[in-house]
Structures are given as structure tokens and as C-alpha cells.
>>> print(open('start-v3.pdb').read())   # PDB, C-alpha atoms, pLDDT in the B column
ATOM      1  CA  MET A 459     -11.444  -7.563  13.355  1.00 43.00           C
ATOM      2  CA  SER A 460     -14.370  -6.697  15.594  1.00 41.00           C
ATOM      3  CA  ALA A 461     -17.730  -5.685  14.205  1.00 41.00           C
ATOM      4  CA  ALA A 462     -17.175  -2.217  15.672  1.00 40.00           C
ATOM      5  CA  THR A 463     -14.021  -1.650  13.612  1.00 50.00           C
ATOM      6  CA  VAL A 464     -14.544   0.731  10.740  1.00 88.00           C
ATOM      7  CA  LEU A 465     -12.903  -0.350   7.479  1.00 94.00           C
ATOM      8  CA  ALA A 466     -11.568   3.126   6.778  1.00 94.00           C
ATOM      9  CA  ASP A 467      -9.757   3.100  10.126  1.00 95.00           C
ATOM     10  CA  ALA A 468      -8.324  -0.380   9.549  1.00 95.00           C
ATOM     11  CA  LEU A 469      -7.067   0.553   6.076  1.00 97.00           C
ATOM     12  CA  THR A 470      -5.543   3.778   7.396  1.00 97.00           C
ATOM     13  CA  THR A 471      -3.842   1.844  10.196  1.00 97.00           C
ATOM     14  CA  GLU A 472      -2.189  -0.359   7.575  1.00 97.00           C
ATOM     15  CA  HIS A 473      -0.866   2.785   5.871  1.00 98.00           C
ATOM     16  CA  HIS A 474       0.721   3.927   9.140  1.00 98.00           C
ATOM     17  CA  GLU A 475       2.251   0.498   9.811  1.00 98.00           C
ATOM     18  CA  ILE A 476       3.806   0.440   6.338  1.00 98.00           C
ATOM     19  CA  ASP A 477       5.257   3.926   6.809  1.00 98.00           C
ATOM     20  CA  THR A 478       6.637   2.906  10.198  1.00 98.00           C
ATOM     21  CA  GLY A 479       8.463  -0.077   8.713  1.00 97.00           C
ATOM     22  CA  ILE A 480      10.190   2.099   6.122  1.00 97.00           C
ATOM     23  CA  GLU A 481      11.003   4.773   8.719  1.00 97.00           C
ATOM     24  CA  THR A 482      12.427   2.118  11.070  1.00 96.00           C
ATOM     25  CA  TYR A 483      14.750   0.925   8.317  1.00 95.00           C
ATOM     26  CA  LEU A 484      15.845   4.506   7.611  1.00 94.00           C
ATOM     27  CA  ALA A 485      16.548   5.080  11.304  1.00 95.00           C
ATOM     28  CA  GLY A 486      18.677   1.939  11.326  1.00 93.00           C
ATOM     29  CA  LEU A 487      20.650   3.177   8.343  1.00 89.00           C
ATOM     30  CA  ASP A 488      21.183   6.519  10.035  1.00 88.00           C
ATOM     31  CA  ALA A 489      22.451   4.704  13.136  1.00 91.00           C
ATOM     32  CA  GLY A 490      24.997   2.827  11.025  1.00 86.00           C
ATOM     33  CA  GLY A 491      23.042  -0.412  10.792  1.00 80.00           C
ATOM     34  CA  GLY A 492      21.193  -1.798   7.889  1.00 76.00           C
ATOM     35  CA  ASP A 493      18.829  -4.565   8.961  1.00 89.00           C
ATOM     36  CA  ALA A 494      16.532  -4.728   5.951  1.00 92.00           C
ATOM     37  CA  ALA A 495      13.855  -6.811   7.732  1.00 95.00           C
ATOM     38  CA  PRO A 496      11.594  -3.841   8.646  1.00 96.00           C
ATOM     39  CA  LEU A 497      11.794  -2.499   5.093  1.00 96.00           C
ATOM     40  CA  GLN A 498      11.156  -5.878   3.507  1.00 96.00           C
ATOM     41  CA  ALA A 499       8.189  -6.458   5.826  1.00 97.00           C
ATOM     42  CA  ALA A 500       6.796  -3.014   4.978  1.00 98.00           C
ATOM     43  CA  MET A 501       7.116  -3.614   1.248  1.00 98.00           C
ATOM     44  CA  HIS A 502       5.432  -7.012   1.554  1.00 97.00           C
ATOM     45  CA  ALA A 503       2.641  -5.371   3.570  1.00 98.00           C
ATOM     46  CA  LEU A 504       2.300  -2.644   0.941  1.00 98.00           C
ATOM     47  CA  ARG A 505       2.031  -5.184  -1.882  1.00 98.00           C
ATOM     48  CA  ARG A 506      -0.617  -7.068   0.123  1.00 98.00           C
ATOM     49  CA  HIS A 507      -2.430  -3.804   0.829  1.00 98.00           C
ATOM     50  CA  ILE A 508      -2.467  -2.883  -2.860  1.00 98.00           C
ATOM     51  CA  TYR A 509      -3.796  -6.356  -3.655  1.00 98.00           C
ATOM     52  CA  LEU A 510      -6.663  -6.039  -1.190  1.00 97.00           C
ATOM     53  CA  GLU A 511      -7.599  -2.629  -2.542  1.00 97.00           C
ATOM     54  CA  GLU A 512      -7.494  -3.659  -6.179  1.00 97.00           C
ATOM     55  CA  THR A 513      -9.282  -6.954  -5.516  1.00 96.00           C
ATOM     56  CA  PHE A 514     -11.869  -6.159  -2.846  1.00 96.00           C
ATOM     57  CA  LEU A 515     -12.279  -2.396  -2.556  1.00 97.00           C
ATOM     58  CA  PHE A 516     -11.790  -0.754  -5.925  1.00 97.00           C
ATOM     59  CA  PRO A 517     -14.076  -2.824  -8.192  1.00 97.00           C
ATOM     60  CA  PRO A 518     -17.317  -2.097  -6.314  1.00 97.00           C
ATOM     61  CA  LEU A 519     -16.375   1.539  -5.719  1.00 97.00           C
ATOM     62  CA  LYS A 520     -15.553   1.969  -9.393  1.00 95.00           C
ATOM     63  CA  ALA A 521     -18.945   0.531 -10.311  1.00 94.00           C
ATOM     64  CA  GLY A 522     -20.538   2.832  -7.742  1.00 91.00           C
ATOM     65  CA  GLY A 523     -19.293   6.039  -9.321  1.00 91.00           C
ATOM     66  CA  LEU A 524     -15.733   6.574  -8.100  1.00 94.00           C
ATOM     67  CA  MET A 525     -14.245   5.670 -11.497  1.00 95.00           C
ATOM     68  CA  MET A 526     -11.907   8.672 -11.824  1.00 96.00           C
ATOM     69  CA  ALA A 527     -10.636   8.566  -8.250  1.00 96.00           C
ATOM     70  CA  ILE A 528      -9.968   4.822  -8.504  1.00 97.00           C
ATOM     71  CA  MET A 529      -8.147   5.292 -11.808  1.00 97.00           C
ATOM     72  CA  VAL A 530      -5.811   7.759 -10.074  1.00 97.00           C
ATOM     73  CA  MET A 531      -5.288   5.345  -7.159  1.00 97.00           C
ATOM     74  CA  GLU A 532      -4.455   2.485  -9.565  1.00 98.00           C
ATOM     75  CA  ARG A 533      -1.978   4.639 -11.494  1.00 98.00           C
ATOM     76  CA  GLU A 534      -0.293   5.589  -8.234  1.00 98.00           C
ATOM     77  CA  HIS A 535      -0.238   1.933  -7.158  1.00 98.00           C
ATOM     78  CA  GLY A 536       1.780   1.273 -10.307  1.00 98.00           C
ATOM     79  CA  GLU A 537       4.244   4.004  -9.344  1.00 97.00           C
ATOM     80  CA  LEU A 538       4.529   2.575  -5.842  1.00 98.00           C
ATOM     81  CA  TRP A 539       5.019  -0.946  -7.197  1.00 98.00           C
ATOM     82  CA  ARG A 540       7.785   0.159  -9.547  1.00 97.00           C
ATOM     83  CA  GLY A 541       9.386   2.101  -6.691  1.00 96.00           C
ATOM     84  CA  MET A 542       9.381  -1.025  -4.531  1.00 97.00           C
ATOM     85  CA  ASP A 543      10.876  -3.071  -7.371  1.00 95.00           C
ATOM     86  CA  ALA A 544      13.688  -0.532  -7.734  1.00 92.00           C
ATOM     87  CA  LEU A 545      14.251  -0.411  -3.989  1.00 92.00           C
ATOM     88  CA  GLU A 546      14.427  -4.209  -3.777  1.00 91.00           C
ATOM     89  CA  HIS A 547      17.009  -4.180  -6.577  1.00 89.00           C
ATOM     90  CA  THR A 548      19.035  -1.590  -4.670  1.00 87.00           C
ATOM     91  CA  LEU A 549      18.857  -3.711  -1.499  1.00 88.00           C
ATOM     92  CA  VAL A 550      20.281  -6.716  -3.345  1.00 85.00           C
ATOM     93  CA  ALA A 551      23.216  -4.773  -4.765  1.00 77.00           C
ATOM     94  CA  PRO A 552      23.634  -1.627  -2.668  1.00 67.00           C
ATOM     95  CA  ARG A 553      26.240   0.718  -3.997  1.00 69.00           C
ATOM     96  CA  ASP A 554      25.810   3.579  -1.580  1.00 80.00           C
ATOM     97  CA  PRO A 555      23.833   3.908   1.666  1.00 83.00           C
ATOM     98  CA  GLU A 556      22.644   7.309   0.452  1.00 88.00           C
ATOM     99  CA  GLU A 557      21.075   5.583  -2.557  1.00 87.00           C
ATOM    100  CA  LEU A 558      19.053   3.428  -0.165  1.00 90.00           C
ATOM    101  CA  ARG A 559      18.046   6.472   1.858  1.00 92.00           C
ATOM    102  CA  ASP A 560      16.962   8.314  -1.282  1.00 92.00           C
ATOM    103  CA  ALA A 561      14.946   5.331  -2.513  1.00 92.00           C
ATOM    104  CA  CYS A 562      13.217   4.990   0.870  1.00 95.00           C
ATOM    105  CA  ARG A 563      12.494   8.707   1.058  1.00 95.00           C
ATOM    106  CA  SER A 564      11.118   8.627  -2.461  1.00 95.00           C
ATOM    107  CA  LEU A 565       8.829   5.717  -1.589  1.00 97.00           C
ATOM    108  CA  LEU A 566       7.658   7.517   1.568  1.00 97.00           C
ATOM    109  CA  ALA A 567       6.928  10.664  -0.466  1.00 97.00           C
ATOM    110  CA  LEU A 568       4.889   8.646  -2.983  1.00 97.00           C
ATOM    111  CA  LEU A 569       3.010   7.005  -0.131  1.00 98.00           C
ATOM    112  CA  ASP A 570       2.325  10.332   1.563  1.00 98.00           C
ATOM    113  CA  ASP A 571       0.941  11.826  -1.640  1.00 97.00           C
ATOM    114  CA  HIS A 572      -1.134   8.724  -2.384  1.00 98.00           C
ATOM    115  CA  ASN A 573      -2.461   8.251   1.143  1.00 98.00           C
ATOM    116  CA  SER A 574      -3.400  11.920   1.502  1.00 97.00           C
ATOM    117  CA  LYS A 575      -5.926  11.406  -1.313  1.00 96.00           C
ATOM    118  CA  GLU A 576      -6.962   7.826  -0.669  1.00 97.00           C
ATOM    119  CA  GLU A 577      -7.763   8.145   3.033  1.00 96.00           C
ATOM    120  CA  PRO A 578     -10.252  11.040   2.820  1.00 95.00           C
ATOM    121  CA  VAL A 579     -11.770  10.233  -0.593  1.00 94.00           C
ATOM    122  CA  VAL A 580     -11.796   6.455  -1.058  1.00 95.00           C
ATOM    123  CA  TYR A 581     -11.755   4.904   2.409  1.00 95.00           C
ATOM    124  CA  PRO A 582     -14.936   6.508   3.761  1.00 92.00           C
ATOM    125  CA  ARG A 583     -16.750   5.036   0.775  1.00 92.00           C
ATOM    126  CA  ALA A 584     -15.711   1.530   1.889  1.00 91.00           C
ATOM    127  CA  ASP A 585     -17.893   1.911   4.941  1.00 89.00           C
ATOM    128  CA  ALA A 586     -20.698   3.760   3.169  1.00 90.00           C
ATOM    129  CA  ASP A 587     -20.976   2.083  -0.232  1.00 92.00           C
ATOM    130  CA  LEU A 588     -19.912  -1.558   0.042  1.00 94.00           C
ATOM    131  CA  THR A 589     -22.573  -4.167   0.612  1.00 95.00           C
ATOM    132  CA  GLY A 590     -22.492  -6.107   3.848  1.00 94.00           C
ATOM    133  CA  GLN A 591     -20.992  -9.094   2.061  1.00 95.00           C
ATOM    134  CA  GLN A 592     -18.311  -6.926   0.420  1.00 95.00           C
ATOM    135  CA  ARG A 593     -17.449  -5.327   3.775  1.00 94.00           C
ATOM    136  CA  ASP A 594     -17.233  -8.776   5.366  1.00 94.00           C
ATOM    137  CA  GLN A 595     -14.919 -10.055   2.615  1.00 95.00           C
ATOM    138  CA  LEU A 596     -12.649  -7.030   2.939  1.00 95.00           C
ATOM    139  CA  ALA A 597     -12.623  -7.286   6.734  1.00 93.00           C
ATOM    140  CA  ALA A 598     -11.776 -10.999   6.571  1.00 94.00           C
ATOM    141  CA  PHE A 599      -8.897 -10.311   4.193  1.00 96.00           C
ATOM    142  CA  LEU A 600      -7.626  -7.496   6.408  1.00 94.00           C
ATOM    143  CA  GLU A 601      -7.639  -9.934   9.307  1.00 93.00           C
ATOM    144  CA  SER A 602      -5.677 -12.786   7.752  1.00 93.00           C
ATOM    145  CA  GLY A 603      -5.572 -12.704   3.958  1.00 94.00           C
ATOM    146  CA  THR A 604      -2.547 -13.241   1.772  1.00 95.00           C
ATOM    147  CA  PHE A 605      -2.044 -12.327  -1.835  1.00 95.00           C
ATOM    148  CA  PRO A 606      -1.121 -14.843  -4.540  1.00 95.00           C
ATOM    149  CA  ASP A 607       2.549 -15.396  -5.352  1.00 94.00           C
ATOM    150  CA  GLY A 608       3.496 -13.512  -8.471  1.00 95.00           C
ATOM    151  CA  TRP A 609       0.528 -11.137  -8.353  1.00 96.00           C
ATOM    152  CA  VAL A 610       1.313  -7.676  -9.733  1.00 97.00           C
ATOM    153  CA  CYS A 611      -0.924  -4.637  -9.543  1.00 96.00           C
ATOM    154  CA  ALA A 612      -2.833  -3.496 -12.602  1.00 90.00           C
ATOM    155  CA  LYS A 613      -0.646  -0.515 -13.502  1.00 96.00           C
ATOM    156  CA  ALA A 614       2.790  -1.855 -12.571  1.00 93.00           C
TER     157      ALA A 614
END
>>> encode(input="start-v3.pdb", output="C-alpha cells")
Amino acid sequence: MSAATVLADALTTEHHEIDTGIETYLAGLDAGGGDAAPLQAAMHALRRHIYLEETFLFPPLKAGGLMMAIMVMEREHGELWRGMDALEHTLVAPRDPEELRDACRSLLALLDDHNSKEEPVVYPRADADLTGQQRDQLAAFLESGTFPDGWVCAKA
């Protein structure tokens, strides 16, 4: 990540990439296919994204006065996490393609609702309120970080 890259933009870009992976899977289903790789990659990226927010972004913002907004984001992360768990279960034992479509659409709706609050309220504060060291740590993780095996978000 270049020094000129704004954290809010990088975090928002990840949101769009995750949405695209889910939408790609849905398009494949609609075309009669069912390659789950784009969906699985999107869900892995979403879990990683939640990890980076809850590990690097939320703690300093919470301490800096965004307590209520972060509490809402964490609660919604739990909803997203449970939605991904259910979707993964459905992928393992699909009963009906429409069930997969509904689960994907539900996850996209949760993401849309969550992102529409997080992007304008929380992300600008990453650039404005984090210390230089905190911004550097978040940027480094965005560039190449991975989350620990077995990690689960706080409200899952």
C-alpha cells in the first residue's frame, strides 16, 4: 500500500471486492453452474476483514469516543459471521439452489446495511484519529496480513 493510499478507501475497496465475490457466485448459479470458489474466497476475505477491524481499527476508535458506533458494528459482525456459518453449512449439503441464492442474497443485504453505516461513520475516523503507528499497522495488515486459524469475531 502506498503512502498516498487512504485507509478509508482501502477498507471500502475490500467491501466491494467481497460483494463482487458473492455476486460472481450468484451469477454462476443463475447460469446453471455452481463453482463455489468465488463465494468461499469472499467469505474468507470477509472473515479476515472483520478480524482486521476488530483487532486494529475498533479498539483505538472505541477509546477515542466512537463506543456506540463500534458496538453496533461489532453486533453486525456477529450477524455476518453467523450468516457465513449458515451459508457454509448450506454449501456442504445443498438441498436446493434457491436456498443458496437466498442465503447469498441475505448475506449481501446484511453487508449492504452494515457497509452503508461503517463506510461514512467509522472509516473516515481511521484516517483522522489513529496514530501514525496504528495507521501503519493497519496498512501493513491490509497489504499482507492473515488472521489466526480458529479466530471468531467478538459477537459471533
>>> resolve_selection(input="start-v3.pdb", expression="the PyMOL selection byres ((chain A and resi 568) around 12)", output="JSON, numbers by chain")
{"A": [477, 531, 533, 534, 535, 536, 537, 538, 539, 540, 541, 542, 561, 562, 563, 564, 565, 566, 567, 569, 570, 571, 572, 573, 574, 575]}
>>> residues_around(input="start-v3.pdb", residues="His502 of chain A", least_positions_apart="3", cutoff="12 Å", atoms="all atoms listed in the file", output="list in words")
Glu472, Glu475, Ile476, Gly479, Ile480, Ala495, Pro496, Leu497, Gln498, Ala499, Arg505, Arg506, His507, Ile508, Tyr509, Trp539, Met542, Asp543, Glu546, Thr604, Phe605, Pro606, Asp607 and Trp609 of chain A
>>> resolve_selection(input="start-v3.pdb", expression="the PyMOL selection byres ((chain A and resi 516) around 10)", output="list of chain:residue names")
A:Leu510, A:Glu511, A:Glu512, A:Thr513, A:Phe514, A:Leu515, A:Pro517, A:Pro518, A:Leu519, A:Lys520, A:Ala521, A:Gly522, A:Leu524, A:Met525, A:Ala527, A:Ile528, A:Met529, A:Met531, A:Glu532, A:Val580, A:Ala584
>>> closest_residue(input="start-v3.pdb", among="A:Gly603, A:Pro582, A:Gly590, A:Gly608", to="Val464 of chain A", atoms="all atoms listed in the file")
A:Pro582
>>> residues_near_point(input="start-v3.pdb", point="(-7.5, -5.1, 7.4)", cutoff="8 Å", atoms="all atoms listed in the file", output="list of chain:residue names")
A:Met459, A:Leu465, A:Ala468, A:Leu469, A:Glu472, A:Leu596, A:Ala597, A:Ala598, A:Phe599, A:Leu600, A:Glu601, A:Ser602
>>> residues_around(input="start-v3.pdb", residues="Pro578 of chain A", least_positions_apart="5", cutoff="10 Å", atoms="only C-alpha atoms", output="PDB file with C-alpha atoms, in the frame of the given file")
ATOM      1  CA  ALA A 466     -11.568   3.126   6.778  1.00 94.00           C
ATOM      2  CA  THR A 470      -5.543   3.778   7.396  1.00 97.00           C
ATOM      3  CA  ASN A 573      -2.461   8.251   1.143  1.00 98.00           C
ATOM      4  CA  ARG A 583     -16.750   5.036   0.775  1.00 92.00           C
TER       5      ARG A 583
END
>>> atom_distance(input="start-v3.pdb", atom1="atom CA of Leu549 of chain A", atom2="atom CA of Asp493 of chain A")
10.5 Å
>>> atom_distance(input="start-v3.pdb", atom1="atom CA of Thr589 of chain A", atom2="atom CA of Glu576 of chain A")
19.7 Å
>>> axis_aligned_box(input="start-v3.pdb", around="segment 580-589 of chain A", padding_each_side="3 Å", output="lines of an AutoDock Vina configuration file")
center_x = -17.2
center_y = 1.2
center_z = 1.9
size_x = 16.8
size_y = 16.7
size_z = 12.0
>>> atom_distance(input="start-v3.pdb", atom1="atom CA of Cys611 of chain A", atom2="atom CA of Gly523 of chain A")
21.2 Å
>>> closest_residue(input="start-v3.pdb", among="A:Pro555, A:Arg593, A:Lys613, A:Leu484", to="Tyr581 of chain A", atoms="only C-alpha atoms")
A:Arg593
>>> closest_residue(input="start-v3.pdb", among="A:Thr482, A:Asp594, A:His474, A:Leu487", to="Leu558 of chain A", atoms="all atoms listed in the file")
A:Leu487
>>> build_atoms(input="start-v3.pdb", residues="segment 497-511 of chain A", atoms="N, CA, C and O atoms", output="mmCIF file, in the frame of the given file")
data_model
loop_
_atom_site.group_PDB
_atom_site.id
_atom_site.type_symbol
_atom_site.label_atom_id
_atom_site.label_comp_id
_atom_site.auth_asym_id
_atom_site.auth_seq_id
_atom_site.Cartn_x
_atom_site.Cartn_y
_atom_site.Cartn_z
ATOM 1 N N LEU A 497 12.112 -3.003 6.433
ATOM 2 C CA LEU A 497 11.794 -2.499 5.093
ATOM 3 C C LEU A 497 11.152 -3.586 4.248
ATOM 4 O O LEU A 497 10.144 -3.350 3.571
ATOM 5 N N GLN A 498 11.722 -4.777 4.289
ATOM 6 C CA GLN A 498 11.156 -5.878 3.507
ATOM 7 C C GLN A 498 9.749 -6.226 3.978
ATOM 8 O O GLN A 498 8.857 -6.476 3.162
ATOM 9 N N ALA A 499 9.531 -6.191 5.287
ATOM 10 C CA ALA A 499 8.189 -6.458 5.826
ATOM 11 C C ALA A 499 7.210 -5.364 5.386
ATOM 12 O O ALA A 499 6.061 -5.657 5.029
ATOM 13 N N ALA A 500 7.659 -4.119 5.398
ATOM 14 C CA ALA A 500 6.796 -3.014 4.978
ATOM 15 C C ALA A 500 6.445 -3.126 3.500
ATOM 16 O O ALA A 500 5.290 -2.895 3.117
ATOM 17 N N MET A 501 7.405 -3.488 2.673
ATOM 18 C CA MET A 501 7.116 -3.614 1.248
ATOM 19 C C MET A 501 6.179 -4.797 0.976
ATOM 20 O O MET A 501 5.285 -4.696 0.133
ATOM 21 N N HIS A 502 6.356 -5.886 1.701
ATOM 22 C CA HIS A 502 5.432 -7.012 1.554
ATOM 23 C C HIS A 502 4.027 -6.584 1.981
ATOM 24 O O HIS A 502 3.035 -6.893 1.303
ATOM 25 N N ALA A 503 3.937 -5.855 3.087
ATOM 26 C CA ALA A 503 2.641 -5.371 3.570
ATOM 27 C C ALA A 503 2.009 -4.410 2.565
ATOM 28 O O ALA A 503 0.788 -4.443 2.355
ATOM 29 N N LEU A 504 2.823 -3.578 1.931
ATOM 30 C CA LEU A 504 2.300 -2.644 0.941
ATOM 31 C C LEU A 504 1.785 -3.388 -0.285
ATOM 32 O O LEU A 504 0.718 -3.067 -0.814
ATOM 33 N N ARG A 505 2.507 -4.394 -0.730
ATOM 34 C CA ARG A 505 2.031 -5.184 -1.882
ATOM 35 C C ARG A 505 0.705 -5.877 -1.531
ATOM 36 O O ARG A 505 -0.220 -5.911 -2.340
ATOM 37 N N ARG A 506 0.616 -6.423 -0.330
ATOM 38 C CA ARG A 506 -0.617 -7.068 0.123
ATOM 39 C C ARG A 506 -1.754 -6.051 0.189
ATOM 40 O O ARG A 506 -2.876 -6.316 -0.215
ATOM 41 N N HIS A 507 -1.442 -4.872 0.694
ATOM 42 C CA HIS A 507 -2.430 -3.804 0.829
ATOM 43 C C HIS A 507 -2.955 -3.377 -0.556
ATOM 44 O O HIS A 507 -4.157 -3.190 -0.740
ATOM 45 N N ILE A 508 -2.061 -3.228 -1.498
ATOM 46 C CA ILE A 508 -2.467 -2.883 -2.860
ATOM 47 C C ILE A 508 -3.350 -3.983 -3.439
ATOM 48 O O ILE A 508 -4.374 -3.703 -4.072
ATOM 49 N N TYR A 509 -2.980 -5.229 -3.183
ATOM 50 C CA TYR A 509 -3.796 -6.356 -3.655
ATOM 51 C C TYR A 509 -5.210 -6.272 -3.087
ATOM 52 O O TYR A 509 -6.193 -6.395 -3.820
ATOM 53 N N LEU A 510 -5.325 -6.063 -1.797
ATOM 54 C CA LEU A 510 -6.663 -6.039 -1.190
ATOM 55 C C LEU A 510 -7.487 -4.886 -1.744
ATOM 56 O O LEU A 510 -8.681 -5.029 -1.975
ATOM 57 N N GLU A 511 -6.847 -3.749 -1.982
ATOM 58 C CA GLU A 511 -7.599 -2.629 -2.542
ATOM 59 C C GLU A 511 -8.054 -2.927 -3.961
ATOM 60 O O GLU A 511 -9.218 -2.701 -4.301
#
